[in-house]
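Here's the structure, in structure tokens; my notes come after.
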Amino acid sequence: MTTGTTHALEALLRWTPHHRPPHPPDVFIPIAENTGLITDLGHWALNQAITDATPWHQRHGTALTVNISGRQLRDPAFPHTVLDTLARHHLPPHALILEITESTLLATTPAETHRITTLLTDLRTHGIRIALDDFGTGYSSLAYLRTLPVDILKIDRSFTTPPTAADHPQTRAFTKAILELSASLGLDTIVEGVETPDQAALLRQLGAPHAQGYLFSPPVPAPRIDELLHTTPWQHVA
């Protein structure tokens, strides 16, 4: 937020039927979850994202963030799949961030949560980072911070209200509290949903280290990423 430098990119999945607009994830991901196709879809997305991101990391030093479903985390072979994919494409483990949500764990038993925690801990020993998405929207986030092996908190976009919004003072207080909590725990923080220069300026005042959102770039196809990283048009907002 202080320099405008790009540290990471997030892989986004869209379903684009022939000659029709793309469908967002909230349309097709629940279907994939319910039918069990999410595991194969998630493995394909991980492989494709790492394939695309390896040259970006080599040229620009950027990391890659990939969203992981609960079903993938329940697959005992998942850690091997991740490490094997990284090795095949020569992407260093520290250049990969796996993003999970609190809802991923809410439907699990304590034993299953312990197994997932062990799995994530194992991946972290190899240098892979873990991000907790949509932080601040659930009821058990603080409890999970005590047990989950997390490196990054992603503050939900609902905390990124415009300075002119009626609930701005309250939202600012919550955002500041989360940032201070994250810093005291030694975690990195990314604020989601930043769309205006005013929002970015406020987050800099609050000490937010990183942010993502349409202000910096809307989602773009992989072939356009190199161009964006070379031109860095968002440095004017730093």
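Labels used: A, B, ... for chains in the order of the structure tokens, numbers from 1 for residues in each chain, and numbers from 1 for ligands as shown.
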Neighbours of region 178-185 of chain A within 8 Å (only C-alpha atoms; same-chain residues fewer than 6 positions away dropped), as a compact mmCIF listing (two decimals) with N, CA and C atoms, in the first residue's frame?
# COMPACT_ATOMS: atom_id res chain seq x y z
N GLY A 136 -13.48 -11.88 9.50
CA GLY A 136 -14.34 -10.89 10.12
C GLY A 136 -15.80 -11.13 9.87
N LEU A 153 -4.17 -12.98 6.85
CA LEU A 153 -5.59 -12.73 7.01
C LEU A 153 -6.06 -11.85 5.86
N ILE A 155 -9.03 -9.51 4.97
CA ILE A 155 -10.17 -8.82 5.56
C ILE A 155 -11.28 -8.70 4.52
N LEU A 206 -4.61 3.69 8.12
CA LEU A 206 -4.83 2.68 9.16
C LEU A 206 -3.67 1.70 9.26
N GLY A 207 -2.72 1.78 8.32
CA GLY A 207 -1.56 0.91 8.37
C GLY A 207 -1.73 -0.42 7.67
N ALA A 208 -2.72 -0.53 6.78
CA ALA A 208 -2.91 -1.79 6.04
C ALA A 208 -1.71 -2.03 5.13
Run DSSP on the backbone of this structure and report the residues of region 101-195 of chain A it assigns to alpha helix (DSSP H), as a PyMOL selection string.
chain A and resi 103-106+110-125+141-147+168-184
Store the residues picked out above, limited to C-alpha atoms, as a CSV table (one decimal), in the first residue's frame.
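And here is the file that came out, part-v4.csv:
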chain,number,residue,atom,x,y,z
A,103,SER,CA,-16.8,-22.0,6.3
A,104,THR,CA,-14.5,-24.7,5.0
A,105,LEU,CA,-14.1,-25.8,8.6
A,106,LEU,CA,-17.5,-25.1,10.1
A,110,PRO,CA,-13.3,-31.7,15.7
A,111,ALA,CA,-11.3,-34.8,14.5
A,112,GLU,CA,-11.6,-33.7,10.9
A,113,THR,CA,-10.6,-30.1,11.8
A,114,HIS,CA,-7.5,-31.5,13.5
A,115,ARG,CA,-6.7,-33.6,10.4
A,116,ILE,CA,-7.0,-30.5,8.2
A,117,THR,CA,-4.9,-28.5,10.6
A,118,THR,CA,-2.2,-31.2,10.4
A,119,LEU,CA,-2.4,-31.2,6.6
A,120,LEU,CA,-2.0,-27.4,6.4
A,121,THR,CA,0.9,-27.5,9.0
A,122,ASP,CA,2.7,-30.0,6.8
A,123,LEU,CA,2.3,-27.8,3.7
A,124,ARG,CA,3.7,-24.8,5.6
A,125,THR,CA,6.8,-26.8,6.6
A,141,SER,CA,-12.6,-16.5,13.5
A,142,LEU,CA,-10.7,-15.6,16.6
A,143,ALA,CA,-11.0,-19.2,17.9
A,144,TYR,CA,-9.6,-20.5,14.6
A,145,LEU,CA,-6.6,-18.1,14.8
A,146,ARG,CA,-5.5,-20.0,17.9
A,147,THR,CA,-5.4,-23.3,16.2
A,168,HIS,CA,-18.0,4.4,8.1
A,169,PRO,CA,-16.8,5.2,11.7
A,170,GLN,CA,-17.8,1.8,13.0
A,171,THR,CA,-16.4,-0.1,10.0
A,172,ARG,CA,-13.1,1.9,10.3
A,173,ALA,CA,-12.9,0.9,14.0
A,174,PHE,CA,-13.4,-2.8,13.1
A,175,THR,CA,-10.8,-2.7,10.3
A,176,LYS,CA,-8.3,-1.0,12.6
A,177,ALA,CA,-8.9,-3.6,15.3
A,178,ILE,CA,-8.4,-6.5,12.8
A,179,LEU,CA,-5.2,-4.9,11.5
A,180,GLU,CA,-3.8,-4.5,15.0
A,181,LEU,CA,-4.8,-8.0,16.0
A,182,SER,CA,-3.1,-9.4,12.8
A,183,ALA,CA,0.1,-7.4,13.4
A,184,SER,CA,0.3,-8.5,17.1
Closest of A:Ala87, A:Leu96, A:Val150, A:Ala211 to Ala11 (chain A), counting only C-alpha atoms, is A:Leu96
Taking the DSSP secondary structure from the backbone, can you list the residues of region 21-162 of chain A that are strand (DSSP E), as a ChimeraX atom specification?
/A:63-67,96-101,129-135,152-155
Determine the nearest neighbour of Leu12 (chain A) from the options A:Glu99, A:Asp188, A:Asp84, A:Asp75, counting only C-alpha atoms.
A:Glu99
Taken to one decimal, the CA of Ser158 (chain A)-CA of Leu187 (chain A) distance is 20.3 Å
Name the residues in contact with Ala200 (chain A) at a cut-off of 9 Å, using only C-alpha atoms, excluding same-chain residues fewer than 2 positions from it; report them as a list in words.
Met1, Val194, Glu195, Thr196, Pro197, Asp198, Leu202, Leu203, Arg204, Gln205, Ala211, Leu215, Val237 and Ala238 of chain A
Please write the residues from the selection above to a file, keeping all heavy atoms, as a tab-separated table (two decimals), in the first residue's frame.
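Below you can see part-v1.tsv, which holds the result:
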chain	number	residue	atom	x	y	z
A	1	MET	N	0.81	-1.21	0.00
A	1	MET	CA	0.00	0.00	0.00
A	1	MET	C	0.84	1.26	0.00
A	1	MET	O	0.36	2.33	-0.33
A	1	MET	CB	-0.92	0.00	1.23
A	1	MET	CG	-2.03	-1.04	1.18
A	1	MET	SD	-3.15	-0.78	-0.20
A	1	MET	CE	-3.98	0.71	0.33
A	194	VAL	N	-11.03	-3.24	-2.56
A	194	VAL	CA	-10.67	-1.83	-2.65
A	194	VAL	C	-10.95	-1.34	-4.07
A	194	VAL	O	-10.37	-1.84	-5.04
A	194	VAL	CB	-9.18	-1.61	-2.30
A	194	VAL	CG1	-8.82	-0.13	-2.40
A	194	VAL	CG2	-8.90	-2.13	-0.89
A	195	GLU	N	-11.83	-0.34	-4.20
A	195	GLU	CA	-12.27	0.10	-5.51
A	195	GLU	C	-12.03	1.58	-5.79
A	195	GLU	O	-12.10	2.01	-6.94
A	195	GLU	CB	-13.76	-0.21	-5.68
A	195	GLU	CG	-14.08	-1.70	-5.60
A	195	GLU	CD	-15.55	-1.99	-5.82
A	195	GLU	OE1	-16.34	-1.02	-5.94
A	195	GLU	OE2	-15.92	-3.18	-5.87
A	196	THR	N	-11.74	2.38	-4.76
A	196	THR	CA	-11.58	3.82	-4.97
A	196	THR	C	-10.29	4.31	-4.32
A	196	THR	O	-9.81	3.73	-3.34
A	196	THR	CB	-12.76	4.60	-4.37
A	196	THR	OG1	-12.69	4.54	-2.93
A	196	THR	CG2	-14.09	4.04	-4.86
A	197	PRO	N	-9.73	5.42	-4.83
A	197	PRO	CA	-8.54	6.01	-4.20
A	197	PRO	C	-8.79	6.42	-2.75
A	197	PRO	O	-7.89	6.35	-1.93
A	197	PRO	CB	-8.24	7.22	-5.08
A	197	PRO	CG	-8.82	6.88	-6.42
A	197	PRO	CD	-10.06	6.09	-6.12
A	198	ASP	N	-10.02	6.86	-2.43
A	198	ASP	CA	-10.33	7.25	-1.06
A	198	ASP	C	-10.22	6.06	-0.11
A	198	ASP	O	-9.71	6.19	1.01
A	198	ASP	CB	-11.73	7.85	-0.98
A	198	ASP	CG	-11.81	9.25	-1.58
A	198	ASP	OD1	-10.74	9.87	-1.76
A	198	ASP	OD2	-12.92	9.71	-1.88
A	202	LEU	N	-7.47	5.76	2.97
A	202	LEU	CA	-7.86	5.47	4.35
A	202	LEU	C	-7.13	4.25	4.88
A	202	LEU	O	-6.66	4.24	6.02
A	202	LEU	CB	-9.37	5.25	4.42
A	202	LEU	CG	-9.91	4.81	5.79
A	202	LEU	CD1	-9.61	5.86	6.85
A	202	LEU	CD2	-11.42	4.54	5.71
A	203	LEU	N	-7.02	3.21	4.06
A	203	LEU	CA	-6.34	1.99	4.50
A	203	LEU	C	-4.86	2.25	4.76
A	203	LEU	O	-4.27	1.66	5.68
A	203	LEU	CB	-6.51	0.89	3.45
A	203	LEU	CG	-7.94	0.34	3.33
A	203	LEU	CD1	-8.06	-0.57	2.12
A	203	LEU	CD2	-8.32	-0.40	4.60
A	204	ARG	N	-4.25	3.12	3.98
A	204	ARG	CA	-2.85	3.49	4.26
A	204	ARG	C	-2.76	4.19	5.62
A	204	ARG	O	-1.83	3.94	6.39
A	204	ARG	CB	-2.30	4.38	3.15
A	204	ARG	CG	-1.89	3.63	1.91
A	204	ARG	CD	-0.96	4.48	1.03
A	204	ARG	NE	-1.58	5.75	0.67
A	204	ARG	CZ	-2.41	5.92	-0.35
A	204	ARG	NH1	-2.74	4.89	-1.10
A	204	ARG	NH2	-2.93	7.12	-0.62
A	205	GLN	N	-3.71	5.06	5.91
A	205	GLN	CA	-3.71	5.74	7.21
A	205	GLN	C	-3.84	4.74	8.36
A	205	GLN	O	-3.26	4.94	9.43
A	205	GLN	CB	-4.86	6.74	7.26
A	205	GLN	CG	-4.72	7.93	6.33
A	205	GLN	CD	-5.96	8.82	6.37
A	205	GLN	OE1	-6.80	8.72	7.27
A	205	GLN	NE2	-6.11	9.68	5.37
A	211	ALA	N	-3.46	-4.67	-0.18
A	211	ALA	CA	-4.87	-4.61	-0.55
A	211	ALA	C	-5.03	-5.19	-1.95
A	211	ALA	O	-4.08	-5.28	-2.72
A	211	ALA	CB	-5.39	-3.18	-0.50
A	215	LEU	N	-9.59	-1.27	-7.97
A	215	LEU	CA	-8.77	-0.07	-8.11
A	215	LEU	C	-7.43	-0.40	-8.74
A	215	LEU	O	-6.89	0.39	-9.52
A	215	LEU	CB	-8.54	0.57	-6.72
A	215	LEU	CG	-7.61	1.79	-6.69
A	215	LEU	CD1	-8.18	2.94	-7.51
A	215	LEU	CD2	-7.35	2.22	-5.25
A	237	VAL	N	-1.73	5.07	-7.09
A	237	VAL	CA	-2.56	5.11	-5.89
A	237	VAL	C	-1.75	4.96	-4.63
A	237	VAL	O	-2.29	5.08	-3.53
A	237	VAL	CB	-3.67	4.03	-5.94
A	237	VAL	CG1	-4.47	4.13	-7.19
A	237	VAL	CG2	-3.07	2.64	-5.79
A	238	ALA	N	-0.46	4.65	-4.74
A	238	ALA	CA	0.37	4.45	-3.53
A	238	ALA	C	0.67	5.80	-2.87
A	238	ALA	O	0.61	6.84	-3.50
A	238	ALA	CB	1.67	3.76	-3.93
Between A:Asp226, A:Asp133, A:Glu192, A:Glu102, single out the one closest to Arg157 (chain A), counting only C-alpha atoms.
A:Glu192
One number please: CA of Val82 (chain A) to CA of Asn47 (chain A), in Å, one decimal.
8.5 Å
If we count only C-alpha atoms, what is near Pro30 (chain A) at a cut-off of 12 Å, once residues fewer than 5 positions away on the same chain are taken out, given as a ChimeraX atom specification?
/A:24-25,35-38,69-71
File of the preceding selection, N, CA, C and O atoms, as an mmCIF file, in the first residue's frame:
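File written: selection-v2.cif
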data_model
loop_
_atom_site.group_PDB
_atom_site.id
_atom_site.type_symbol
_atom_site.label_atom_id
_atom_site.label_comp_id
_atom_site.auth_asym_id
_atom_site.auth_seq_id
_atom_site.Cartn_x
_atom_site.Cartn_y
_atom_site.Cartn_z
ATOM 1 N N PRO A 24 -20.218 -16.509 -12.923
ATOM 2 C CA PRO A 24 -19.356 -16.323 -11.742
ATOM 3 C C PRO A 24 -19.317 -17.586 -10.893
ATOM 4 O O PRO A 24 -20.170 -18.470 -11.021
ATOM 5 N N PRO A 25 -18.347 -17.673 -9.977
ATOM 6 C CA PRO A 25 -18.185 -18.874 -9.162
ATOM 7 C C PRO A 25 -19.407 -19.230 -8.320
ATOM 8 O O PRO A 25 -19.676 -20.406 -8.090
ATOM 9 N N THR A 35 -21.921 -32.179 -6.534
ATOM 10 C CA THR A 35 -21.751 -33.353 -7.383
ATOM 11 C C THR A 35 -20.426 -34.065 -7.161
ATOM 12 O O THR A 35 -20.197 -35.146 -7.713
ATOM 13 N N GLY A 36 -19.539 -33.460 -6.359
ATOM 14 C CA GLY A 36 -18.239 -34.062 -6.129
ATOM 15 C C GLY A 36 -17.211 -33.741 -7.187
ATOM 16 O O GLY A 36 -16.066 -34.198 -7.108
ATOM 17 N N LEU A 37 -17.588 -32.922 -8.177
ATOM 18 C CA LEU A 37 -16.646 -32.561 -9.237
ATOM 19 C C LEU A 37 -15.634 -31.515 -8.787
ATOM 20 O O LEU A 37 -14.676 -31.240 -9.501
ATOM 21 N N ILE A 38 -15.848 -30.939 -7.604
ATOM 22 C CA ILE A 38 -14.992 -29.838 -7.166
ATOM 23 C C ILE A 38 -13.545 -30.276 -6.981
ATOM 24 O O ILE A 38 -12.618 -29.484 -7.187
ATOM 25 N N SER A 69 -10.933 -25.731 -1.913
ATOM 26 C CA SER A 69 -12.229 -26.136 -1.370
ATOM 27 C C SER A 69 -12.062 -27.077 -0.191
ATOM 28 O O SER A 69 -11.005 -27.681 0.014
ATOM 29 N N GLY A 70 -13.140 -27.227 0.574
ATOM 30 C CA GLY A 70 -13.122 -28.142 1.702
ATOM 31 C C GLY A 70 -12.908 -29.584 1.276
ATOM 32 O O GLY A 70 -12.222 -30.351 1.963
ATOM 33 N N ARG A 71 -13.483 -29.970 0.139
ATOM 34 C CA ARG A 71 -13.306 -31.338 -0.345
ATOM 35 C C ARG A 71 -11.839 -31.623 -0.687
ATOM 36 O O ARG A 71 -11.350 -32.726 -0.456
#
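The space separating CA of Lys154 (chain A) from CA of His210 (chain A) comes to 9.4 Å.
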Val27 (chain A): which residues within 12 Å, counting only C-alpha atoms, same-chain residues fewer than 6 positions away excluded, as a compact mmCIF listing (two decimals) with N, CA, C and O atoms, in the first residue's frame?
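For reference, out.txt as written:
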# COMPACT_ATOMS: atom_id res chain seq x y z
N LEU A 13 -11.60 -18.32 -11.12
CA LEU A 13 -12.18 -19.29 -12.05
C LEU A 13 -13.51 -18.78 -12.57
O LEU A 13 -14.36 -18.34 -11.78
N ARG A 14 -13.70 -18.83 -13.89
CA ARG A 14 -14.96 -18.45 -14.53
C ARG A 14 -15.36 -19.55 -15.52
O ARG A 14 -14.49 -20.11 -16.19
N TRP A 15 -16.66 -19.80 -15.60
CA TRP A 15 -17.17 -20.76 -16.58
C TRP A 15 -17.77 -19.95 -17.72
O TRP A 15 -18.72 -19.19 -17.53
N THR A 16 -17.20 -20.09 -18.91
CA THR A 16 -17.62 -19.30 -20.07
C THR A 16 -18.22 -20.21 -21.14
O THR A 16 -17.48 -20.78 -21.95
N GLU A 33 -19.50 -28.59 -5.97
CA GLU A 33 -19.39 -29.12 -4.61
C GLU A 33 -20.38 -30.25 -4.39
O GLU A 33 -20.04 -31.31 -3.87
Considering only C-alpha atoms, return as a PyMOL selection string whatever protein or nucleic-acid residues lie within 8 Å of Ile68 (chain A), sequence-local ones (same chain, fewer than 3 positions apart) excluded.
chain A and resi 42+72-73+98-100
Mind writing the picked residues with N, CA, C and O atoms as a PDB file, in the first residue's frame?
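Final output, out16.pdb:
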ATOM      1  N   GLY A  42     -10.798 -28.437  -8.859  1.00  0.00           N
ATOM      2  CA  GLY A  42      -9.794 -27.735  -8.068  1.00  0.00           C
ATOM      3  C   GLY A  42      -8.384 -28.136  -8.437  1.00  0.00           C
ATOM      4  O   GLY A  42      -7.485 -27.280  -8.511  1.00  0.00           O
ATOM      5  N   GLN A  72     -11.142 -30.639  -1.244  1.00  0.00           N
ATOM      6  CA  GLN A  72      -9.724 -30.840  -1.537  1.00  0.00           C
ATOM      7  C   GLN A  72      -8.938 -31.072  -0.256  1.00  0.00           C
ATOM      8  O   GLN A  72      -8.050 -31.922  -0.204  1.00  0.00           O
ATOM      9  N   LEU A  73      -9.274 -30.320   0.793  1.00  0.00           N
ATOM     10  CA  LEU A  73      -8.564 -30.467   2.056  1.00  0.00           C
ATOM     11  C   LEU A  73      -8.856 -31.806   2.729  1.00  0.00           C
ATOM     12  O   LEU A  73      -8.087 -32.249   3.587  1.00  0.00           O
ATOM     13  N   LEU A  98      -2.119 -20.757  -0.425  1.00  0.00           N
ATOM     14  CA  LEU A  98      -3.383 -21.486  -0.493  1.00  0.00           C
ATOM     15  C   LEU A  98      -4.401 -20.759   0.376  1.00  0.00           C
ATOM     16  O   LEU A  98      -4.157 -20.514   1.557  1.00  0.00           O
ATOM     17  N   GLU A  99      -5.540 -20.441  -0.217  1.00  0.00           N
ATOM     18  CA  GLU A  99      -6.544 -19.621   0.460  1.00  0.00           C
ATOM     19  C   GLU A  99      -7.731 -20.494   0.865  1.00  0.00           C
ATOM     20  O   GLU A  99      -8.331 -21.176   0.038  1.00  0.00           O
ATOM     21  N   ILE A 100      -8.057 -20.460   2.158  1.00  0.00           N
ATOM     22  CA  ILE A 100      -9.193 -21.216   2.673  1.00  0.00           C
ATOM     23  C   ILE A 100     -10.158 -20.252   3.351  1.00  0.00           C
ATOM     24  O   ILE A 100      -9.795 -19.121   3.691  1.00  0.00           O
TER      25      ILE A 100
END
Excluding Gly61 (chain A) and any residue of its chain fewer than 3 positions from it, enumerate the residues within 9 Å of it, using only C-alpha atoms, and give them as an MDAnalysis selection string.
chainID A and resid 7:8 56:58 95
